[in-house]
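Chemist: My questions all concern the structure below.
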Amino acid sequence: MHIWVDADACPRIIKDILFRAVERVGIGMTLVANQPMSVPPSRLIRAIQVSAGFDVADNEIVRRLEADDLVITADIPLAAEVIAKGGHALNPRGQIYTKENIRERLNMRDFMETLRSTGVDTGGPGSLGPRDKQAFANALDAFLAKQGAH
């Protein structure tokens, strides 16, 4: 198992949780972004910088992903591709995307996008708070335990 991070939009606090978790359980992790990233020195943590462009980082993650890998992303279309390829997806708020819930989330995303395109201000997700951080840490720990990584 490997952890992939859609790093361009991933909050720093979530990356910090991930850095500690991969060191604790000994799982490799790769951050993928279209901008330079700093990662702590570790034999387990890598960063890949891809060229700028729409979905370039997402496509790189999907290309390299193997079944049972975990992807950290808030990007619902990317999560859908990950699930279709046999991977797992977790968003920075601690919500696991599954075969059972991804279609509903895609439909809601598309609906909100349609509203925005007609000029409706739908707002966006609120800022990441302490409860979100804790929910992410708990979901990550539960996932890793289920995979036998602890």
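Following the order of the structure tokens, first chain is A, next is B, and so on, with residues numbered from 1 inside each chain and ligands from 1 in the order they appear.
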Taking the chain letters and numbering used in this document, name the residues of chain A that DSSP puts in alpha helix (DSSP H), as a ChimeraX atom specification.
Modeler: /A:12-25,56-64,76-84,102-117,130-146
Chemist: Keeping only C-alpha atoms, write the selected residues as a compact mmCIF listing (two decimals), in the first residue's frame.
Modeler:
# COMPACT_ATOMS: atom_id res chain seq x y z
CA ARG A 12 -0.53 22.09 5.58
CA ILE A 13 -1.99 20.73 8.82
CA ILE A 14 -3.24 17.63 6.98
CA LYS A 15 0.19 17.12 5.40
CA ASP A 16 1.76 17.35 8.87
CA ILE A 17 -0.60 14.64 10.17
CA LEU A 18 0.30 12.48 7.17
CA PHE A 19 4.05 13.02 7.65
CA ARG A 20 3.80 11.75 11.24
CA ALA A 21 1.51 8.84 10.34
CA VAL A 22 3.69 7.43 7.55
CA GLU A 23 6.76 7.56 9.77
CA ARG A 24 4.85 5.83 12.58
CA VAL A 25 3.54 2.98 10.41
CA VAL A 56 -2.21 17.16 -14.54
CA ALA A 57 -1.52 16.20 -10.91
CA ASP A 58 -4.74 14.15 -10.73
CA ASN A 59 -3.84 12.27 -13.90
CA GLU A 60 -0.36 11.50 -12.55
CA ILE A 61 -1.84 10.08 -9.35
CA VAL A 62 -4.29 7.89 -11.28
CA ARG A 63 -1.52 6.71 -13.61
CA ARG A 64 0.71 5.59 -10.72
CA ILE A 76 -14.46 14.34 -6.08
CA PRO A 77 -13.82 13.41 -9.75
CA LEU A 78 -10.31 12.27 -8.77
CA ALA A 79 -11.77 10.24 -5.89
CA ALA A 80 -14.18 8.59 -8.35
CA GLU A 81 -11.28 7.58 -10.62
CA VAL A 82 -9.34 6.24 -7.63
CA ILE A 83 -12.29 4.10 -6.52
CA ALA A 84 -12.86 2.85 -10.07
CA ILE A 102 -19.19 8.61 -4.73
CA ARG A 103 -22.02 8.83 -7.30
CA GLU A 104 -24.11 10.98 -4.92
CA ARG A 105 -21.12 13.23 -4.25
CA LEU A 106 -20.41 13.61 -7.98
CA ASN A 107 -24.06 14.50 -8.60
CA MET A 108 -24.04 17.10 -5.81
CA ARG A 109 -20.77 18.57 -7.10
CA ASP A 110 -22.20 18.84 -10.61
CA PHE A 111 -25.40 20.42 -9.28
CA MET A 112 -23.45 23.04 -7.30
CA GLU A 113 -21.28 23.74 -10.33
CA THR A 114 -24.43 24.30 -12.42
CA LEU A 115 -25.77 26.72 -9.80
CA ARG A 116 -22.48 28.63 -9.76
CA SER A 117 -22.45 28.86 -13.55
CA PRO A 130 -9.97 21.59 14.76
CA ARG A 131 -12.89 19.16 14.45
CA ASP A 132 -12.03 18.54 10.78
CA LYS A 133 -8.38 17.99 11.67
CA GLN A 134 -9.36 15.48 14.36
CA ALA A 135 -11.85 13.76 12.04
CA PHE A 136 -9.12 13.38 9.41
CA ALA A 137 -6.60 12.00 11.93
CA ASN A 138 -9.18 9.53 13.26
CA ALA A 139 -10.26 8.38 9.79
CA LEU A 140 -6.63 7.97 8.71
CA ASP A 141 -5.79 5.95 11.82
CA ALA A 142 -8.88 3.76 11.37
CA PHE A 143 -8.02 3.16 7.70
CA LEU A 144 -4.40 2.29 8.48
CA ALA A 145 -5.46 -0.04 11.30
CA LYS A 146 -7.95 -1.79 9.00
Chemist: Figure out the distance between atom CA of A:Val120 and atom CA of A:Asp6, please, to one decimal in Å.
Modeler: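 Atom-to-atom, atom CA of A:Asp6 and atom CA of A:Val120 are spaced 27.9 Å apart.
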Chemist: Kindly give the distance, in Å, that separates atom CA of A:Ile3 and atom CA of A:Leu65, rounded to a single decimal.
Modeler: 9.0 Å
Chemist: Need the shell around A:Ile72: protein/DNA/RNA residues with any atom at most 6 Å away, counting only C-alpha atoms. Skip same-chain ones fewer than 5 positions apart. Format as a ChimeraX atom specification?
Modeler: /A:5,89-91
Chemist: At what distance in Å, to one decimal, does atom CA of A:Asp68 lie from atom CA of A:His88?
Modeler: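 Straight-line distance from atom CA of A:His88 to atom CA of A:Asp68 works out to 6.2 Å.
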Chemist: Quick one: residues within 9 Å of A:Met1, only C-alpha atoms counted, chain neighbours fewer than 5 positions away excluded, as a list in words?
Modeler: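 Near neighbours after the sequence-gap exclusion: Ile27, Gly28, Glu66, Ala67, Asp68, Asp69, Leu70 and Gln147 of chain A.
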